[in-house]
>>> print(open('data34.txt').read())   # compact mmCIF, C-alpha atoms and all ligand atoms
# COMPACT_ATOMS: atom_id res chain seq x y z
CA MET A 1 5.96 6.45 -39.55
CA ARG A 2 5.90 5.55 -35.83
CA ALA A 3 5.73 1.92 -34.70
CA PRO A 4 2.29 0.77 -33.52
CA ILE A 5 3.79 -0.06 -30.14
CA HIS A 6 6.65 1.99 -28.70
CA GLU A 7 9.94 0.10 -28.86
CA SER A 8 10.52 0.46 -25.10
CA ILE A 9 7.19 -1.24 -24.43
CA LEU A 10 8.13 -4.04 -26.83
CA LYS A 11 11.30 -4.59 -24.77
CA ALA A 12 9.15 -4.84 -21.63
CA TYR A 13 7.10 -7.71 -23.11
CA SER A 14 9.83 -10.00 -21.79
CA VAL A 15 8.20 -9.57 -18.36
CA LEU A 16 4.96 -11.04 -19.70
CA GLU A 17 6.78 -13.97 -21.27
CA THR A 18 9.10 -14.80 -18.39
CA GLY A 19 7.54 -13.38 -15.22
CA GLU A 20 10.95 -11.92 -14.43
CA PRO A 21 11.15 -8.30 -13.19
CA LEU A 22 11.70 -5.49 -15.67
CA PRO A 23 15.34 -4.33 -15.84
CA PHE A 24 15.83 -0.91 -14.23
CA ASP A 25 17.23 0.69 -17.39
CA VAL A 26 14.09 -0.24 -19.35
CA ALA A 27 11.96 1.16 -16.52
CA ILE A 28 13.75 4.48 -16.93
CA GLU A 29 12.90 4.48 -20.64
CA LEU A 30 9.26 3.64 -19.94
CA ALA A 31 8.96 6.38 -17.34
CA CYS A 32 9.40 8.90 -20.15
CA LEU A 33 6.41 7.67 -22.16
CA ALA A 34 3.59 10.12 -22.74
CA GLY A 35 0.32 10.53 -24.63
CA GLU A 36 -1.06 7.59 -26.54
CA ASP A 37 1.82 5.31 -25.54
CA VAL A 38 0.67 5.32 -21.92
CA PRO A 39 -2.43 3.13 -22.49
CA ASP A 40 -0.21 0.60 -24.30
CA LEU A 41 1.97 0.43 -21.18
CA LEU A 42 -1.08 -0.02 -18.97
CA SER A 43 -2.33 -2.81 -21.19
CA LEU A 44 0.96 -4.66 -20.78
CA ALA A 45 0.88 -4.16 -17.00
CA ASN A 46 -2.67 -5.52 -16.88
CA LYS A 47 -1.63 -8.59 -18.90
CA VAL A 48 1.37 -9.19 -16.63
CA LYS A 49 -0.92 -9.01 -13.61
CA ASN A 50 -3.39 -11.44 -15.22
CA ARG A 51 -0.72 -13.94 -16.14
CA HIS A 52 1.65 -13.73 -13.18
CA ALA A 53 -0.24 -12.21 -10.25
CA MET A 54 -3.76 -13.54 -10.56
CA LEU A 55 -5.01 -14.56 -7.14
CA THR A 56 -6.22 -18.14 -6.84
CA ASP A 57 -9.88 -17.12 -6.66
CA GLY A 58 -9.47 -14.72 -9.60
CA CYS A 59 -10.51 -11.78 -7.42
CA LEU A 60 -8.74 -8.68 -6.21
CA HIS A 61 -7.00 -8.79 -2.84
CA SER A 62 -9.15 -6.62 -0.63
CA CYS A 63 -8.51 -5.54 2.93
CA SER A 64 -9.90 -3.12 5.49
CA ILE A 65 -8.28 -1.33 8.39
CA ILE A 66 -9.22 0.27 11.65
CA ASN A 67 -7.45 3.29 13.04
CA ALA A 68 -7.19 1.77 16.50
CA LYS A 69 -5.26 4.65 18.06
CA SER A 70 -5.51 8.09 16.50
CA GLY A 71 -3.49 11.29 16.59
CA VAL A 72 -1.03 12.61 19.22
CA CYS A 73 1.95 11.24 17.32
CA ALA A 74 5.36 12.70 18.12
CA GLU A 75 6.73 11.85 14.68
CA ASN A 76 6.74 14.57 12.03
CA CYS A 77 5.64 12.82 8.84
CA ARG A 78 4.81 15.70 6.52
CA PHE A 79 1.78 14.08 4.91
CA CYS A 80 0.11 12.94 8.10
CA ALA A 81 -2.82 14.53 9.90
CA GLN A 82 -1.99 12.63 13.09
CA SER A 83 1.37 14.27 13.75
CA LEU A 84 1.59 16.65 16.70
CA HIS A 85 3.94 18.72 14.55
CA ASN A 86 1.05 19.46 12.18
CA SER A 87 -2.13 21.37 12.94
CA ALA A 88 -4.63 19.24 11.08
CA ASP A 89 -8.07 18.81 12.57
CA VAL A 90 -8.04 15.10 13.36
CA GLU A 91 -9.84 12.90 15.83
CA GLN A 92 -7.65 11.88 18.77
CA TYR A 93 -8.19 8.84 20.95
CA PRO A 94 -6.09 6.26 22.79
CA LEU A 95 -5.99 2.58 21.87
CA LEU A 96 -9.48 1.22 21.29
CA ASP A 97 -10.54 -1.75 23.31
CA ALA A 98 -11.02 -5.20 21.78
CA THR A 99 -14.82 -4.90 21.72
CA HIS A 100 -14.67 -1.86 19.46
CA ILE A 101 -12.09 -3.47 17.16
CA LEU A 102 -14.13 -6.67 16.90
CA GLU A 103 -17.26 -4.72 16.04
CA SER A 104 -15.46 -2.86 13.25
CA ALA A 105 -14.01 -6.08 11.85
CA GLY A 106 -17.40 -7.77 12.02
CA ASN A 107 -18.93 -5.08 9.81
CA VAL A 108 -16.53 -5.77 6.93
CA TYR A 109 -16.31 -9.53 7.60
CA LYS A 110 -20.01 -9.93 6.90
CA GLU A 111 -19.43 -8.06 3.63
CA GLY A 112 -16.86 -10.67 2.59
CA VAL A 113 -13.59 -8.90 3.49
CA ARG A 114 -11.05 -11.44 4.76
CA PHE A 115 -8.01 -9.27 5.54
CA PHE A 116 -8.34 -6.80 8.40
CA GLY A 117 -5.55 -4.59 9.73
CA ILE A 118 -5.15 -2.95 13.13
CA VAL A 119 -3.35 0.38 12.65
CA THR A 120 -2.02 2.63 15.41
CA SER A 121 -0.53 6.11 15.32
CA GLY A 122 2.89 6.71 16.82
CA TYR A 123 6.51 5.72 16.42
CA GLY A 124 5.93 2.05 17.20
CA TYR A 125 6.85 -0.47 19.88
CA ARG A 126 10.46 -1.17 20.77
CA THR A 127 9.39 -3.44 23.62
CA VAL A 128 6.42 -5.58 24.55
CA ASN A 129 4.63 -3.09 26.81
CA PRO A 130 1.05 -3.28 28.19
CA GLU A 131 -0.39 -1.38 25.23
CA PHE A 132 1.26 -3.76 22.79
CA LEU A 133 -0.14 -6.73 24.69
CA LYS A 134 -3.65 -5.22 24.42
CA ILE A 135 -3.21 -5.16 20.65
CA VAL A 136 -2.06 -8.77 20.66
CA ASP A 137 -5.13 -9.69 22.70
CA SER A 138 -7.34 -8.01 20.07
CA ILE A 139 -5.53 -9.97 17.34
CA ASP A 140 -6.24 -13.23 19.19
CA GLN A 141 -9.90 -12.36 19.69
CA LEU A 142 -10.36 -11.42 16.04
CA GLN A 143 -8.92 -14.74 14.92
CA GLN A 144 -11.19 -16.63 17.30
CA GLU A 145 -14.35 -14.69 16.49
CA TYR A 146 -14.10 -14.63 12.70
CA PRO A 147 -12.99 -17.90 11.04
CA GLY A 148 -10.84 -17.36 8.01
CA LEU A 149 -10.13 -13.71 8.82
CA HIS A 150 -6.48 -12.81 8.20
CA VAL A 151 -5.51 -10.31 10.86
CA CYS A 152 -2.83 -7.79 9.92
CA ALA A 153 -1.12 -5.00 11.83
CA SER A 154 0.54 -1.67 11.17
CA LEU A 155 2.04 -0.45 14.43
CA GLY A 156 5.14 1.45 13.30
CA VAL A 157 8.75 0.58 14.04
CA LEU A 158 9.20 -2.61 16.07
CA GLY A 159 11.95 -4.07 18.21
CA GLU A 160 12.86 -7.75 18.00
CA GLU A 161 10.69 -8.94 20.90
CA PRO A 162 7.44 -7.39 19.57
CA VAL A 163 8.18 -8.94 16.16
CA ARG A 164 8.66 -12.34 17.76
CA VAL A 165 5.34 -12.01 19.60
CA LEU A 166 3.46 -11.01 16.44
CA ALA A 167 4.95 -14.01 14.64
CA GLU A 168 3.75 -16.29 17.47
CA HIS A 169 0.25 -14.87 17.14
CA ASN A 170 0.09 -15.50 13.39
CA VAL A 171 -0.24 -11.96 12.08
CA ALA A 172 -0.98 -12.36 8.38
CA HIS A 173 0.83 -9.28 7.08
CA TYR A 174 2.69 -6.53 8.91
CA ASN A 175 2.55 -3.16 7.17
CA ILE A 176 5.41 -0.71 7.37
CA ASN A 177 6.02 1.64 4.46
CA ILE A 178 9.32 3.01 3.26
CA GLN A 179 7.33 5.75 1.50
CA VAL A 180 9.04 7.14 -1.61
CA ALA A 181 12.49 8.39 -2.67
CA PRO A 182 14.75 6.44 -0.28
CA ASP A 183 17.57 8.98 -0.63
CA ARG A 184 15.34 11.87 0.45
CA TYR A 185 13.37 10.38 3.33
CA ASP A 186 14.47 13.25 5.63
CA ASP A 187 13.53 15.87 3.12
CA LEU A 188 10.20 14.50 1.89
CA ILE A 189 8.83 12.39 4.75
CA ALA A 190 10.16 12.88 8.30
CA THR A 191 13.20 13.77 10.37
CA THR A 192 12.14 12.37 13.76
CA HIS A 193 12.95 8.84 12.67
CA SER A 194 15.03 7.38 9.88
CA LEU A 195 14.33 5.14 6.95
CA ASP A 196 16.92 2.75 8.37
CA GLU A 197 14.73 2.17 11.44
CA ARG A 198 11.90 1.09 9.16
CA LEU A 199 14.19 -1.12 7.09
CA GLU A 200 15.46 -2.77 10.27
CA THR A 201 11.85 -3.59 11.20
CA VAL A 202 11.37 -5.21 7.76
CA ARG A 203 14.53 -7.24 8.34
CA LEU A 204 13.27 -8.44 11.73
CA LEU A 205 9.86 -9.34 10.32
CA ARG A 206 11.49 -11.46 7.66
CA LYS A 207 13.80 -13.05 10.24
CA TYR A 208 10.72 -14.26 12.17
CA GLY A 209 8.78 -15.25 9.06
CA VAL A 210 6.14 -12.50 9.20
CA SER A 211 4.87 -11.61 5.74
CA VAL A 212 5.61 -7.95 4.99
CA CYS A 213 3.31 -5.37 3.42
CA CYS A 214 5.51 -2.45 2.42
CA GLY A 215 4.96 0.37 -0.03
CA GLY A 216 4.62 4.09 0.07
CA ILE A 217 2.98 7.31 -0.90
CA LEU A 218 3.11 9.12 -4.24
CA GLY A 219 2.80 12.86 -4.74
CA VAL A 220 4.86 14.23 -1.84
CA GLY A 221 7.33 16.07 -4.08
CA GLU A 222 9.32 13.18 -5.51
CA THR A 223 10.50 12.89 -9.10
CA MET A 224 9.61 9.98 -11.36
CA ARG A 225 13.22 8.77 -11.09
CA GLU A 226 12.89 8.76 -7.29
CA ARG A 227 9.70 6.73 -7.59
CA LEU A 228 11.65 4.19 -9.58
CA ASP A 229 14.36 4.12 -6.91
CA PHE A 230 11.62 3.40 -4.37
CA ILE A 231 9.99 0.69 -6.51
CA TYR A 232 13.29 -1.07 -7.07
CA ALA A 233 14.33 -0.68 -3.41
CA LEU A 234 11.24 -2.77 -2.61
CA GLN A 235 12.64 -5.57 -4.77
CA GLU A 236 15.57 -5.96 -2.40
CA LEU A 237 13.20 -6.33 0.58
CA ASP A 238 11.39 -9.33 -0.89
CA ILE A 239 7.98 -8.38 0.46
CA ALA A 240 4.54 -9.89 -0.19
CA VAL A 241 2.25 -6.89 -0.60
CA ILE A 242 2.96 -3.41 -1.97
CA PRO A 243 0.43 -0.76 -0.95
CA LEU A 244 0.59 2.41 -3.03
CA ASN A 245 -1.08 5.54 -1.71
CA VAL A 246 -1.59 8.79 -3.57
CA LEU A 247 -1.25 11.82 -1.32
CA VAL A 248 -4.48 13.35 -0.10
CA PRO A 249 -3.22 16.82 0.87
CA ILE A 250 -4.71 17.60 4.27
CA ASP A 251 -5.15 21.11 5.61
CA GLY A 252 -2.81 21.79 8.51
CA THR A 253 0.00 19.61 7.18
CA PRO A 254 3.08 20.91 5.33
CA LEU A 255 1.64 19.36 2.18
CA GLN A 256 -1.61 21.28 2.39
CA GLY A 257 -2.64 22.49 -1.05
CA VAL A 258 0.11 20.75 -3.04
CA GLU A 259 -0.77 19.90 -6.58
CA THR A 260 -1.91 16.36 -7.20
CA PRO A 261 0.26 14.40 -9.66
CA ALA A 262 -1.15 14.01 -13.16
CA VAL A 263 -3.25 10.90 -13.70
CA THR A 264 -0.85 9.79 -16.45
CA ASP A 265 2.06 9.96 -13.97
CA ILE A 266 0.21 7.90 -11.41
CA VAL A 267 -0.96 5.20 -13.80
CA THR A 268 2.53 5.00 -15.32
CA THR A 269 3.96 4.53 -11.82
CA PHE A 270 1.49 1.73 -11.05
CA ALA A 271 2.30 0.03 -14.35
CA LEU A 272 6.05 0.26 -13.72
CA CYS A 273 5.56 -1.12 -10.22
CA ARG A 274 3.72 -4.11 -11.73
CA LEU A 275 6.47 -4.69 -14.28
CA ALA A 276 9.14 -4.47 -11.58
CA HIS A 277 7.13 -6.83 -9.31
CA PRO A 278 5.33 -9.17 -11.70
CA ARG A 279 4.12 -11.63 -9.05
CA LYS A 280 3.35 -9.46 -6.00
CA ILE A 281 0.11 -8.10 -4.64
CA ILE A 282 0.04 -4.40 -5.53
CA LYS A 283 -2.66 -2.67 -3.56
CA PHE A 284 -4.18 0.70 -4.31
CA ALA A 285 -4.73 2.35 -0.96
CA ALA A 286 -5.49 5.97 -0.03
CA GLY A 287 -6.23 8.50 -2.74
CA ARG A 288 -8.19 6.09 -4.90
CA GLU A 289 -11.47 7.97 -4.73
CA THR A 290 -10.46 11.36 -3.37
CA VAL A 291 -7.59 12.07 -5.73
CA MET A 292 -8.05 9.71 -8.67
CA LYS A 293 -11.83 10.11 -8.70
CA ASP A 294 -13.08 9.16 -12.18
CA PHE A 295 -9.81 7.39 -12.96
CA GLN A 296 -9.71 4.90 -10.09
CA GLY A 297 -10.91 2.12 -12.41
CA LEU A 298 -8.04 2.92 -14.77
CA LEU A 299 -5.61 2.52 -11.87
CA MET A 300 -7.03 -0.92 -11.24
CA LEU A 301 -6.25 -1.74 -14.88
CA ALA A 302 -2.68 -0.47 -14.57
CA GLY A 303 -1.39 -3.55 -12.79
CA ALA A 304 -2.95 -3.30 -9.34
CA ASN A 305 -4.56 -6.46 -8.01
CA GLY A 306 -5.61 -5.27 -4.60
CA LEU A 307 -7.43 -2.46 -2.89
CA LEU A 308 -8.05 -1.03 0.52
CA THR A 309 -11.78 -0.86 1.02
CA GLY A 310 -14.12 0.69 3.54
CA GLY A 311 -12.21 3.82 4.60
CA TYR A 312 -8.70 4.99 5.48
CA LEU A 313 -7.02 6.33 8.60
CA THR A 314 -8.07 9.95 8.50
CA THR A 315 -9.85 10.29 5.16
CA ARG A 316 -13.03 8.74 3.94
CA GLY A 317 -13.06 5.75 1.62
CA ARG A 318 -15.69 3.81 -0.24
CA ARG A 319 -18.24 1.38 0.98
CA VAL A 320 -17.24 -2.27 0.65
CA GLU A 321 -20.39 -2.85 -1.38
CA ASP A 322 -19.41 -0.16 -3.91
CA ASP A 323 -15.94 -1.65 -4.24
CA ARG A 324 -17.41 -5.09 -4.80
CA THR A 325 -19.43 -3.69 -7.69
CA LEU A 326 -16.31 -2.02 -9.09
CA THR A 327 -14.39 -5.29 -8.79
CA GLN A 328 -17.10 -7.21 -10.60
CA GLN A 329 -17.18 -4.67 -13.40
CA LEU A 330 -13.39 -4.80 -13.76
CA SER A 331 -13.33 -8.59 -13.92
CA GLY A 332 -14.05 -8.43 -17.65
CA PHE A 333 -10.51 -7.08 -18.12
CA MET A 334 -8.91 -9.74 -15.98
CA GLY A 335 -9.07 -12.87 -18.04
CA SER A 336 -5.87 -14.70 -18.78
CA THR A 337 -4.04 -13.70 -21.91
CA ASP A 338 -2.38 -15.72 -24.64
CA SER A 339 -0.44 -12.87 -26.13
S1 LIG B 1 2.52 8.41 9.57
FE1 LIG B 1 2.48 7.31 11.56
S2 LIG B 1 4.47 7.82 12.47
FE2 LIG B 1 4.13 9.34 10.87
S3 LIG B 1 3.12 11.08 11.91
FE3 LIG B 1 1.51 9.77 11.11
S4 LIG B 1 0.96 8.41 12.79
FE4 LIG B 1 2.96 9.30 13.27
>>> encode(input="data34.txt", output="structure tokens")
Amino acid sequence: MRAPIHESILKAYSVLETGEPLPFDVAIELACLAGEDVPDLLSLANKVKNRHAMLTDGCLHSCSIINAKSGVCAENCRFCAQSLHNSADVEQYPLLDATHILESAGNVYKEGVRFFGIVTSGYGYRTVNPEFLKIVDSIDQLQQEYPGLHVCASLGVLGEEPVRVLAEHNVAHYNINIQVAPDRYDDLIATTHSLDERLETVRLLRKYGVSVCCGGILGVGETMRERLDFIYALQELDIAVIPLNVLVPIDGTPLQGVETPAVTDIVTTFALCRLAHPRKIIKFAAGRETVMKDFQGLLMLAGANGLLTGGYLTTRGRRVEDDRTLTQQLSGFMGSTDS
């Protein structure tokens, strides 16, 4: 007769007791779970989140972004509608002015969102050029206009001087993703830049004390083992926030029409990420509604304690109000646990 709880999950209960990350070899065992064992794994991940990653106000971390500069990107990220190498039908515009950015932030601020990220297409900023200074000016204005708003940025690869400037202007989190499968970045993500360039940006951000938001995208052709390599590579970077996206295959990109990963694979990945990062913010970003659809609530019970609300870069999202309702309904599963 089978044990009520799979023995690999029982091993992972040490994370709940100690708050220490799950050993990699146990993660490999757990990645093979299937069927009725998967909800047991999710339950453990939810308990670990409740005990070790509960935010001080007991709520989910929620943030919104603005695509402040869209399209015309010379990089060739295979998943991205904004790449000039792809033929996706995407809106193109240069950097928005501060007025437009403030208006967008104001809309979510009045809905209670307190983290707001400025995102730009393109490789990034090696130097502090006039466009970069315009972004910094928008950051300053946002902080002045909206008390308590944490202003974040996602501007691609940065040189040391831009990092220093962002640190001086109190950027709350800087997002730069390493995506998934570190050993196959060229094959699965892009060849016009390297993973090392992104890792160097993370190193510089940490050098200047900027909190790092770094995660990736699931469903671009990686194996479960490669997802684990990615999740554990994040451990070495000592970051604050881990955003996980699920690929939304966009027409005109090389990933057009690819099959979406099974829901069980995605929830297992979220749970393993929680067990590997018991105390971090794990944020469910793109793909929550469009790919996970009916199962997005389940994802939020698989260890995530954050979400991106109010729309994504090139795909629609959900209204902040709808996400607030979802968050309230999920709160019944978020009490502390004694087990
Ligand atoms: S993900 Fe960023 S760097 Fe890559 S193609 Fe899209 S906009 Fe360019």
>>> closest_atom_pairs(input="data34.txt", of="chain A", to="ligand LIG 1 (chain B)", cutoff="8 Å", atoms="only C-alpha atoms and all ligand atoms", output="Markdown table")
| residue | atom | partner | partner_atom | distance |
| --- | --- | --- | --- | --- |
| A:Ser70 | CA | B:LIG1 | S4 | 7.5 |
| A:Gly71 | CA | B:LIG1 | S4 | 6.5 |
| A:Val72 | CA | B:LIG1 | FE4 | 7.9 |
| A:Cys73 | CA | B:LIG1 | FE4 | 4.6 |
| A:Ala74 | CA | B:LIG1 | FE4 | 6.4 |
| A:Glu75 | CA | B:LIG1 | S3 | 4.6 |
| A:Asn76 | CA | B:LIG1 | S3 | 5.0 |
| A:Cys77 | CA | B:LIG1 | FE2 | 4.3 |
| A:Arg78 | CA | B:LIG1 | S3 | 7.3 |
| A:Phe79 | CA | B:LIG1 | S1 | 7.4 |
| A:Cys80 | CA | B:LIG1 | FE3 | 4.6 |
| A:Ala81 | CA | B:LIG1 | FE3 | 6.5 |
| A:Gln82 | CA | B:LIG1 | FE3 | 4.9 |
| A:Ser83 | CA | B:LIG1 | S3 | 4.1 |
| A:Leu84 | CA | B:LIG1 | S3 | 7.5 |
| A:Thr120 | CA | B:LIG1 | S4 | 7.0 |
| A:Ser121 | CA | B:LIG1 | S4 | 3.7 |
| A:Gly122 | CA | B:LIG1 | FE4 | 4.4 |
| A:Tyr123 | CA | B:LIG1 | S2 | 4.9 |
| A:Gly124 | CA | B:LIG1 | S2 | 7.6 |
| A:Gly156 | CA | B:LIG1 | S2 | 6.5 |
| A:Ala190 | CA | B:LIG1 | FE2 | 7.4 |
>>> atom_distance(input="data34.txt", atom1="atom CA of A:Arg198", atom2="atom CA of A:His85")
20.1 Å
>>> atom_distance(input="data34.txt", atom1="atom CA of A:Gln144", atom2="atom CA of A:Ser211")
20.4 Å
>>> residues_near_point(input="data34.txt", point="(14.0, 10.2, 1.7)", cutoff="12 Å", atoms="all atoms listed in the file", output="ChimeraX atom specification")
/A:77-78,178-191,193-196,198,216-217,220-223,226-227,229-230
>>> write_last_selection(input="data34.txt", atoms="C-alpha atoms", output="compact mmCIF listing (two decimals), keeping the file's coordinate frame")
# COMPACT_ATOMS: atom_id res chain seq x y z
CA CYS A 77 5.64 12.82 8.84
CA ARG A 78 4.81 15.70 6.52
CA ILE A 178 9.32 3.01 3.26
CA GLN A 179 7.33 5.75 1.50
CA VAL A 180 9.04 7.14 -1.61
CA ALA A 181 12.49 8.39 -2.67
CA PRO A 182 14.75 6.44 -0.28
CA ASP A 183 17.57 8.98 -0.63
CA ARG A 184 15.34 11.87 0.45
CA TYR A 185 13.37 10.38 3.33
CA ASP A 186 14.47 13.25 5.63
CA ASP A 187 13.53 15.87 3.12
CA LEU A 188 10.20 14.50 1.89
CA ILE A 189 8.83 12.39 4.75
CA ALA A 190 10.16 12.88 8.30
CA THR A 191 13.20 13.77 10.37
CA HIS A 193 12.95 8.84 12.67
CA SER A 194 15.03 7.38 9.88
CA LEU A 195 14.33 5.14 6.95
CA ASP A 196 16.92 2.75 8.37
CA ARG A 198 11.90 1.09 9.16
CA GLY A 216 4.62 4.09 0.07
CA ILE A 217 2.98 7.31 -0.90
CA VAL A 220 4.86 14.23 -1.84
CA GLY A 221 7.33 16.07 -4.08
CA GLU A 222 9.32 13.18 -5.51
CA THR A 223 10.50 12.89 -9.10
CA GLU A 226 12.89 8.76 -7.29
CA ARG A 227 9.70 6.73 -7.59
CA ASP A 229 14.36 4.12 -6.91
CA PHE A 230 11.62 3.40 -4.37
>>> atom_distance(input="data34.txt", atom1="atom CA of A:Cys63", atom2="atom CA of A:Leu218")
20.0 Å
>>> residues_around(input="data34.txt", residues="A:Thr268", least_positions_apart="4", cutoff="8 Å", atoms="only C-alpha atoms", output="NGL selection string")
:A and (31 or 38 or 41-42 or 264 or 272 or 302)
>>> closest_residue(input="data34.txt", among="A:Gly106, A:Pro23, A:Gly159, A:Gly219", to="A:Ser8", atoms="all atoms listed in the file")
A:Pro23
>>> axis_aligned_box(input="data34.txt", around="stretch 259-273 of chain A", padding_each_side="6 Å", output="JSON")
{"center_x": 1.4, "center_y": 9.4, "center_z": -11.5, "size_x": 21.3, "size_y": 33.0, "size_z": 21.9}
>>> residues_near_point(input="data34.txt", point="(-10.6, 8.7, -10.7)", cutoff="12 Å", atoms="only C-alpha atoms", output="ChimeraX atom specification")
/A:246,262-264,266-267,287-300
>>> closest_residue(input="data34.txt", among="A:Leu158, A:Leu244, A:Ser14, A:Leu228", to="A:Val202", atoms="all atoms listed in the file")
A:Leu158
>>> closest_residue(input="data34.txt", among="A:Leu22, A:Ser87, A:Lys280, A:Arg51", to="A:Thr253", atoms="all atoms listed in the file")
A:Ser87
>>> residues_around(input="data34.txt", residues="A:Ala167", least_positions_apart="3", cutoff="10 Å", atoms="all atoms listed in the file", output="ChimeraX atom specification")
/A:161-164,170-174,205-211
>>> write_last_selection(input="data34.txt", atoms="C-alpha atoms", output="PDB file, in the coordinates of the input")
ATOM      1  CA  GLU A 161      10.690  -8.940  20.900  1.00  0.00           C
ATOM      2  CA  PRO A 162       7.440  -7.390  19.570  1.00  0.00           C
ATOM      3  CA  VAL A 163       8.180  -8.940  16.160  1.00  0.00           C
ATOM      4  CA  ARG A 164       8.660 -12.340  17.760  1.00  0.00           C
ATOM      5  CA  ASN A 170       0.090 -15.500  13.390  1.00  0.00           C
ATOM      6  CA  VAL A 171      -0.240 -11.960  12.080  1.00  0.00           C
ATOM      7  CA  ALA A 172      -0.980 -12.360   8.380  1.00  0.00           C
ATOM      8  CA  HIS A 173       0.830  -9.280   7.080  1.00  0.00           C
ATOM      9  CA  TYR A 174       2.690  -6.530   8.910  1.00  0.00           C
ATOM     10  CA  LEU A 205       9.860  -9.340  10.320  1.00  0.00           C
ATOM     11  CA  ARG A 206      11.490 -11.460   7.660  1.00  0.00           C
ATOM     12  CA  LYS A 207      13.800 -13.050  10.240  1.00  0.00           C
ATOM     13  CA  TYR A 208      10.720 -14.260  12.170  1.00  0.00           C
ATOM     14  CA  GLY A 209       8.780 -15.250   9.060  1.00  0.00           C
ATOM     15  CA  VAL A 210       6.140 -12.500   9.200  1.00  0.00           C
ATOM     16  CA  SER A 211       4.870 -11.610   5.740  1.00  0.00           C
TER      17      SER A 211
END
>>> closest_residue(input="data34.txt", among="A:Asn50, A:Ser104, A:Thr260, A:Asn129", to="A:Ala68", atoms="all atoms listed in the file")
A:Ser104
>>> closest_residue(input="data34.txt", among="A:Thr201, A:Asn86, A:Thr127, A:Gln256", to="A:Cys213", atoms="all atoms listed in the file")
A:Thr201
